[in-house]
Each structure stands twice: as C-alpha cells, then as structure tokens.
Amino acid sequence: MALFGVVAALRRPRLLLVVERETPFRLWRRSKSTNPDRPFEKILVANRGEIACRVMKTCKRMGIKTVAVHSDVDGDALHSRMADERVCIGPAPSAESYLNMDAILEAVQSTGAQAVHPGYGFLSENTLFADKLSKAGVVFIGPGASAIEAMGDKIQSKKIARRASVNMIPGVDAVVQDADHAVRLAEEIGYPVMIKASAGGGGKGMRIAWNEQETREGFHLASQEAKSGFGDDRLLIERYVDQARHIEVQVLADSHGNAIYLNERECSIQRRNQKVIEEAPSTFVDPEMRKAMGQQAIQLAKAVGYVSAGTVEFLVDSQKRFYFLEMNTRLQVEHPITEYITGFDLVEQMIRVAAGQQLRIRQEDVGIDGWAVECRVYSEDPKRFLPSIGRLSTYIEPEKSPHVRVETGIVEGSQISIYYDPLISKLVTHGKDRNEALHRMASALDQYLIKGVKHNVPILRAILTHPRFVSGDITTKFIAEEYPEGFSGIQLTERQEKELIATACLVHIRQQWKAAQIQNIDRDSFQPLLPTEWDLRIVVGDKVYEALVNWDADNDDEILVTALGEELRVFSFSPWSSPLLDVTVSDADVTIQCLERIGHNYKLRHHGTVFDVSVLSVPEAELIHYMPKKSGVDSYQFIKAPMPGKIVEVLVKEGEEVAAGVPVCVIEAMKSQTLLTAECDGKVKKIFIEPGQFVQENENLVELD
C-alpha cells in the first residue's frame with residue numbers, strides 16, 4: 001500500500017493522524033451509505049489488539065473503510081497497520097489514550113468516520129461515550145446509552161431482571177458501604193458470598209468470600225479494582241452458587257422490535273473469575289433448558305429496549321436451575337464460537353442493526369452446526385496465574401483452516417505491555433462434534449510456538465485432555481480444584497514417554513549429523529562419519545532411560561529406537577532447523593517442539609509441557625551421578641514482586657510485627673490487582689516501595705526480620 005505520509009496537526013498537541021491510502025485523503029460526509037450491503041462508508045474502531053483486528057476484518061469484507069486509534073506504544077501494532085487510517089490518541093496508560101473520550105471524539109471528527117465500534121472493554125459500555133457520539137451525530141455500534149446504563153449497573157440490572165421475570169440469585173439490592181457492612185450483609189445472605197463491582201465486568205472487581213476475614217479482604221481488593229478499572233468503586237453482594245456452571249446466551253436485537261437468541265456458550269473454565277476456555281453449545285444444556293434460558297434472555301433484552309448484540313450470563317447449579325448473573329452490553333471475547341455453530345457474523349449483524357436495518361435472521365433460522373471451542377492464550381505464568389511481560393522473540397501460529405481460527409493483535413516482535421490485557425490471542429476450532437473440535441484444538445495448541453514471554457498454552461493443553469473436562473463434568477471451580485497450586489506440567493503416560501524419548505533420539509542424531517558435517521568428513525565420499533548404531537542414555541528430570549538406536553545415513557529422516565521394551569520406528573520430514581517437529585512414532589502422529597538445543601541438552605515441549613532432556617552416550621551417562629543437586633531451600637526473608645507491576649497500596653509499616661498470611665501490599669498489573677502476604681511470622685525490617693511505584697518481577701518489596 002502506498003504511503004502518502006499525510007500527517008495533520010490537530011488541536012491536541014499529541015494527536016497525530018497518519019493516513020495510509022492509495023488515493024488522496026478526504027473527509028467522508030457524516031451520512032450513512034445508500035448501499036444496504038455497505039451501511040457505512042467509514043468506521044472508527046475505538047479499541048486495540050485482537051478485537052480491533054477482528055472488527056476490521058468484517059469491515060473490509062463489507063467494503064467499509066476503517067480508522068484505528070492507538071497509543072504511543074501501539075503505533076506499529078497490528079491493528080494500526082490493518083486500518084486504512086490511524087490516529088495517535090495519547091501515551092501508553094489506557095486512561096490517557098484508549099479511555100480518553102475527547103481524543104477519540106477528535107479522531108472521529110478529523111477522519112470523518114460515520115460510526116464507532118468500541119469492541120469490548122475500554123469504552124464499550126460507557127454511557128457517557130455513547131451519549132457524546134450520539135450528540136455529535138456519530139453512530140455508536142452497540143446498544144443505546146439507556147440500555148448500557150441499566151445493565152451496566154448490576155444493582156439496577158437485577159431490579160429490571162426481576163421485573164422481567166428472570167430467575168435471580170439470592171442477594172441484596174444495595175450498595176455495600178464498607179467492610180463492616182459487607183460482613184453484615186454476608187451473614188444475612190449466608191456464606192459463601194460473591195462480592196463484585198456494580199459497574200463493569202470481565203471478572204474484574206470480583207471476590208468470593210467464605211468467612212468474615214475473606215469478606216473484609218474481598219471488599220478491599222474488589223473496590224480497589226473496580227475504581228481502577230471502571231472509575232466506580234460501588235460493590236454489591238450476593239449468594240455464591242457453589243458447584244456452579246457459567247453459561248451465557250447470545251442475543252441479537254434490532255430497532256424494529258425483533259429479538260432472537262443464538263444459543264448458549266459454556267464458560268465455566270475460569271481462573272480468577274476470568275474465562276479461559278469456552279465452548280458452544282454446552283454439554284449440560286438440553287433443548288428445553290436452552291429454550292427457557294433463551295426466552296428469559298429475550299425478555300430481559302426487550303425490558304430495556306436493547307438494540308445490538310449482547311450477552312445474558314447465567315449461573316447454573318447441578319439441578320439445572322439457572323440464575324441471572326449480568327448482561328454484557330457489548331460484543332463478547334468468546335463470540336467466535338457462536339459464529340462457528342450458527343454461521344452468522346456477529347460484527348456484521350451489529351453494523352447492520354446500528355444502521356437501522358432489520359434483522360435478516362429469524363429464530364427458526366438459528367441452528368447448531370457442530371461444536372466449537374475457544375482457548376484464550378494469555379501471556380502469563382501458569383504456575384501462579386500471574387501476568388508475564390516481554391517481547392515475543394518467536395511467534396508461530398497454528399496452521400489455519402476453515403476449522404481453525406486465530407484471532408490476534410500481535411506479531412513476532414510485538415511487546416506484551418504492562419499497560420494492557422495479557423491476552424495474546426483467541427484460538428478457536430470447530431468440528432462436527434465435541435470430540436473433533438477438542439482434537440483439533442489439541443493439535444493446534446501443539447503447533448503454537450511462543451517464546452519471549454511465559455504463556456498458558458501448557459495448561460490449556462492439559463485441561464483439554466483432562467478426563468473430567470473430556471467427560472463434561474466441569475464447574476467454575478475446575479481450575480482451582482484440579483490445579484490448586486497452579487500448573488507445573490503433566491505426568492506423561494508410558495506411551496507419551498516413549499514418544500518423547502524417541503523424538504529426543506532423532507533430534508540428537510540430527511544435531512550430531514550437523515556437527516559432523518563440519519568436523520568429521522570422509523574425504524572419499526564427502527559424507528559425515530557417524531556410527532549406524534547408538535547406545536544412548538536419555539535423562540528426563542530424575543529419570544534415566546536406555547535406548548538403542550539404529551540409523552542409516554542414506555535415510556536420515558528415520559531411525560529405529562528400542563526403548564522401554566518396545567521397538568519404535570521414528571521418522572519426520574520437518575526441516576531440521578524447524579522448532580516444530582511433526583513426528584510419526586510407530587504409526588502415531590505427534591507434534592513436539594524443540595525449543596532449545598545446547599550441546600547434548602534440549603528443551604522439548606510435549607503435550608504442552610516443557611521437559612529438560614539430556615541425550616548422552618553410555619560413557620557420558622556415567623557422569624550423571626557426580627552432578628550437583630539443586631537445593632530445595634526457599635527463603636522467606638524477602639517478599640518479592642511476582643510480576644512486573646505498579647504498587648497500589650502498602651499495608652504495613654517498618655517495625656510492625658506480622659504473622660504468616662497477613663496482607664503486606666497490593667500490586668496491579670494488566671488490569672488486575674494481587675494481594676501479597678507474609679509467608680512467615682516476623683517483623684517488617686525494611687520497606688523498599690511506595691504507592692504508585694513501578695516494580696520488576698522478583699524485585700524486593702519488603703524485608704522481614
């Protein structure tokens with residue numbers, strides 16, 4: 001695309017408009033298109049990352065021009081490059097850029113955009129933003145401000161839902177005043193309780209409490225997160241539905257009184273109240289329950305005059321009783337799985353409805369075509385479920401197909417920043433049934449190569465093949481119950497061990513072949529001189545395996561490995577330099593990643609878990625017994641930052657006596673706040689931090705004596 005480099009200096013000094021077009025720049029008139037298949041000429045996407053890219057793809061397919069907005073650090077981001085025009089709206093902190101209404105409105109005016117799609121998060125559910133756009137004569141691609149306000153306030157939304165005859169969770173329709181008030185309300189309702197922000201959503205500002213102490217701590221953290229994330233620290237409290245499933249219904253309504261539901265999504269696999277894996281439909285919902293939930297969702301949408309795509313979320317107990325949780329007045333992160341099973345583009349439907357068009361879909365048109373699964377790939381450490389920042393030194397996505405979809409806003413070299421959500425991508429697969437969709441997802445995750453940051457692909461891969469998940473026996477507590485200490489890897493089965501050992505032998509012999517090409521050449525044949533038979537010891541953790549390997553230089557993509565009492569024929573046609581190895585081990589096809597090669601030591605990822613593997617000849621293997629052992633002693637003297645972030649609050653003073661478990665400070669990273677506690681009894685010797693300070697991972701925060 002030709003770059004004319006037209007840079008217009010606007011009234012705000014930091015606001016720059018960069019126009020990338022093949023035709024000279026001009027402002028579009030603020031009027032809708034006369035072409036019904038292209039309702040608008042130009043749409044500004046008031047978001048970033050994968051959702052901005054997702055919206056732009058539909059716009060481009062519909063022939064609609066797009067405008068991207070970006071912060072200083074996102075100038076070269078994928079969403080900025082995808083758009084026809086882009087505007088810088090401020091520095092990195094979201095409060096000064098993606099939440100800066102004035103800057104975005106100025107970008108709308110300067111580019112002549114007729115409509116704004118807010119994506120999700122940021123200003124997508126901000127009534128003031130929607131109202132300002134309306135007054136400026138710009139279409140907000142979403143519901144009206146009154147519906148956003150009614151459903152955005154959880155206290156108000158519960159009252160409306162009750163009047164609309166929607167099933168309700170026992171609770172109190174009152175704002176929690178302080179920690180003491182929270183305790184009194186919790187005791188009235190009965191433990192366990194859910195403390196959550198009245199405004200916002202997405203798992204932010206939510207805490208579960210089982211007793212008085214957890215209620216007080218939950219009130220403190222939830223109010224802080226709510227204020228930081230939504231600018232509104234009001235909280236409400238209700239009964240926590242134990243053994244619950246999180247099931248939501250997608251609705252779609254137009255301004256002509258038509259409303260339909262597009263089936264349900266199962267969103268029970270969560271950590272910290274944030275969804276990780278979603279699927280559609282749900283294994284738990286039968287046709288009668290689906291119809292009942294869908295009808296109640298429509299009742300609620302009509303009760304608030306809802307127009308656009310929206311989602312009504314329910315908690316469902318073991319007896320299939322469902323209770324209203326909240327309504328998200330925006331496009332959901334997990335909307336692609338609904339698109340897969342229904343065949344409808346939800347972004348396109350939102351655009352058409354915003355332009356005043358009637359829905360072209362009737363309820364009887366909505367079916368269920370197969371099964372779809374979505375995994376949210378996060379930049380985080382699955383051992384502790386804490387965010388990870390850094391630059392993506394290697395980024396290879398799974399091979400795409402009609403049944404494998406990757407929604408992302410990053411490329412290799414992108415920086416995962418402390419300022420924004422740690423979502424790397426959404427990986428979505430579809431199949432004729434659940435088993436096929438899960439199998440395709442597992443294969444896609446095996447192909448996903450990410451280096452430079454920690455990520456949650458290993459635990460996603462483990463969950464997909466967990467017997468409990470495969471059976472459909474899941475609740476919102478699945479991760480907490482199955483991985484209470486976080487995720488450190490899987491225990492390989494005997495078959496998986498054989499696959500790992502056999503592949504390690506192939507990788508090692510290939511490595512030796514490359515080395516021999518340089519230093520050990522037969523001058524007559526110009527071929528490396530390597531033995532055809534290898535007696536190897538493969539060390540994986542504290543286990544040592546014996547392997548006898550036969551290899552033919554004329555067929556260097558295949559070896560014969562005898563290990564663990566079985567003869568394994570191994571071959572791979574993957575390029576030697578490729579970190580992704582598609583390997584066949586005795587007729588079983590597997591994908592194993594070779595993340596690192598240093599001498600005889602390799603890092604191999606199998607079934608999502610990374611294994612440190614050493615491949616040694618028999619004489620070398622005898623030296624294993626002389627290697628020093630790692631010390632397992634931990635020091636509790638220093639409380640360290642578990643991740644990069646900003647210190648929100650320091651809760652102790654120097655000289656203060658603290659007991660194990662006492663809160664010490666609150667750290668915020670990527671929109672979430674974490675309470676750090678003392679790991680042992682002691683006295684606060686030194687405090688190295690203060691509120692507002694940015695810290696790095698493993699930085700000392702507090703020293704205990």
# chains A, B, ... in the order shown; residues from 1 in each chain; ligands from 1
call {"tool": "residues_around", "arguments": {"residues": "A:Arg234", "least_positions_apart": "5", "cutoff": "8 Å", "atoms": "only C-alpha atoms", "output": "list in words"}}
result
Val175, Val176, Ala197, Ser198, Ala199, Ser223 and Ala226 of chain A
call {"tool": "select_by_dssp", "arguments": {"residues": "stretch 131-182 of chain A", "states": "strand (DSSP E or B)", "output": "number ranges by chain"}}
result
A: 139-140, 168, 171-172
call {"tool": "select_by_dssp", "arguments": {"residues": "stretch 388-489 of chain A", "states": "helix (DSSP H, G or I)", "output": "mmCIF file with C-alpha atoms, in the first residue's frame"}}
result
data_model
loop_
_atom_site.group_PDB
_atom_site.id
_atom_site.type_symbol
_atom_site.label_atom_id
_atom_site.label_comp_id
_atom_site.auth_asym_id
_atom_site.auth_seq_id
_atom_site.Cartn_x
_atom_site.Cartn_y
_atom_site.Cartn_z
ATOM 1 C CA ARG A 434 -17.201 -32.060 20.546
ATOM 2 C CA ASN A 435 -14.546 -34.760 20.212
ATOM 3 C CA GLU A 436 -13.445 -33.498 16.805
ATOM 4 C CA ALA A 437 -13.388 -29.871 17.978
ATOM 5 C CA LEU A 438 -11.283 -30.818 21.034
ATOM 6 C CA HIS A 439 -8.917 -32.933 18.947
ATOM 7 C CA ARG A 440 -8.366 -30.067 16.532
ATOM 8 C CA MET A 441 -7.758 -27.705 19.432
ATOM 9 C CA ALA A 442 -5.155 -30.010 20.989
ATOM 10 C CA SER A 443 -3.352 -30.302 17.648
ATOM 11 C CA ALA A 444 -3.440 -26.537 17.139
ATOM 12 C CA LEU A 445 -2.025 -25.886 20.612
ATOM 13 C CA ASP A 446 0.820 -28.318 19.878
ATOM 14 C CA GLN A 447 1.688 -26.180 16.834
ATOM 15 C CA VAL A 457 -0.589 -22.916 26.415
ATOM 16 C CA PRO A 458 0.695 -25.785 28.640
ATOM 17 C CA ILE A 459 -2.294 -25.660 30.998
ATOM 18 C CA LEU A 460 -4.746 -25.163 28.135
ATOM 19 C CA ARG A 461 -3.378 -28.341 26.538
ATOM 20 C CA ALA A 462 -3.612 -30.216 29.831
ATOM 21 C CA ILE A 463 -7.201 -29.156 30.512
ATOM 22 C CA LEU A 464 -8.380 -30.239 27.064
ATOM 23 C CA PRO A 467 -10.653 -36.827 31.950
ATOM 24 C CA ARG A 468 -13.002 -34.623 33.948
ATOM 25 C CA PHE A 469 -13.106 -31.954 31.243
ATOM 26 C CA VAL A 470 -13.499 -34.504 28.457
ATOM 27 C CA SER A 471 -16.484 -36.001 30.295
ATOM 28 C CA PHE A 478 -12.456 -26.660 37.894
ATOM 29 C CA ILE A 479 -9.035 -24.998 37.744
ATOM 30 C CA ALA A 480 -8.967 -24.237 41.487
ATOM 31 C CA GLU A 481 -9.836 -27.859 42.282
ATOM 32 C CA GLU A 482 -7.613 -29.584 39.732
#
call {"tool": "closest_atom_pairs", "arguments": {"of": "stretch 37-66 of chain A", "to": "stretch 94-108 of chain A", "cutoff": "8 Å", "atoms": "only C-alpha atoms", "output": "Markdown table"}}
result
| residue | atom | partner | partner_atom | distance |
| --- | --- | --- | --- | --- |
| A:Leu44 | CA | A:Val108 | CA | 6.8 |
| A:Ala46 | CA | A:Tyr98 | CA | 7.1 |
| A:Asn47 | CA | A:Tyr98 | CA | 6.6 |
call {"tool": "residues_around", "arguments": {"residues": "A:Ser268", "least_positions_apart": "2", "cutoff": "12 Å", "atoms": "only C-alpha atoms", "output": "count of residues only"}}
result
37
call {"tool": "atom_distance", "arguments": {"atom1": "atom CA of A:Lys158", "atom2": "atom CA of A:Val139"}}
result
28.2 Å
call {"tool": "residues_around", "arguments": {"residues": "A:Thr677", "least_positions_apart": "5", "cutoff": "6 Å", "atoms": "only C-alpha atoms", "output": "ChimeraX atom specification"}}
result
/A:661-664
call {"tool": "write_last_selection", "arguments": {"atoms": "N, CA and C atoms", "output": "tab-separated table (two decimals), in the first residue's frame"}}
result
chain	number	residue	atom	x	y	z
A	661	GLY	N	0.55	-14.90	56.45
A	661	GLY	CA	-0.77	-14.70	55.86
A	661	GLY	C	-1.29	-13.29	55.96
A	662	VAL	N	-0.60	-12.41	56.70
A	662	VAL	CA	-1.05	-11.03	56.85
A	662	VAL	C	-0.77	-10.25	55.56
A	663	PRO	N	-1.76	-9.50	55.04
A	663	PRO	CA	-1.53	-8.71	53.82
A	663	PRO	C	-0.43	-7.67	54.02
A	664	VAL	N	0.45	-7.56	53.03
A	664	VAL	CA	1.59	-6.64	53.11
A	664	VAL	C	1.45	-5.50	52.11
call {"tool": "atom_distance", "arguments": {"atom1": "atom CA of A:Ala83", "atom2": "atom CA of A:Thr329"}}
result
25.0 Å
call {"tool": "residues_around", "arguments": {"residues": "A:Arg81", "least_positions_apart": "6", "cutoff": "10 Å", "atoms": "only C-alpha atoms", "output": "list of chain:residue names"}}
result
A:Glu20, A:Cys53, A:Ala68, A:Asp74, A:Gly75
call {"tool": "residues_around", "arguments": {"residues": "A:Lys454", "least_positions_apart": "4", "cutoff": "6 Å", "atoms": "only C-alpha atoms", "output": "ChimeraX atom specification"}}
result
/A:379-381,388
call {"tool": "residues_around", "arguments": {"residues": "A:Val366", "least_positions_apart": "6", "cutoff": "8 Å", "atoms": "only C-alpha atoms", "output": "list of chain:residue names"}}
result
A:Leu262, A:Asn263, A:Thr342
call {"tool": "closest_residue", "arguments": {"among": "A:Val45, A:Leu123, A:Leu449, A:Met194", "to": "A:His79", "atoms": "only C-alpha atoms"}}
result
A:Val45
call {"tool": "atom_distance", "arguments": {"atom1": "atom CA of A:Gly486", "atom2": "atom CA of A:Leu676"}}
result
16.3 Å
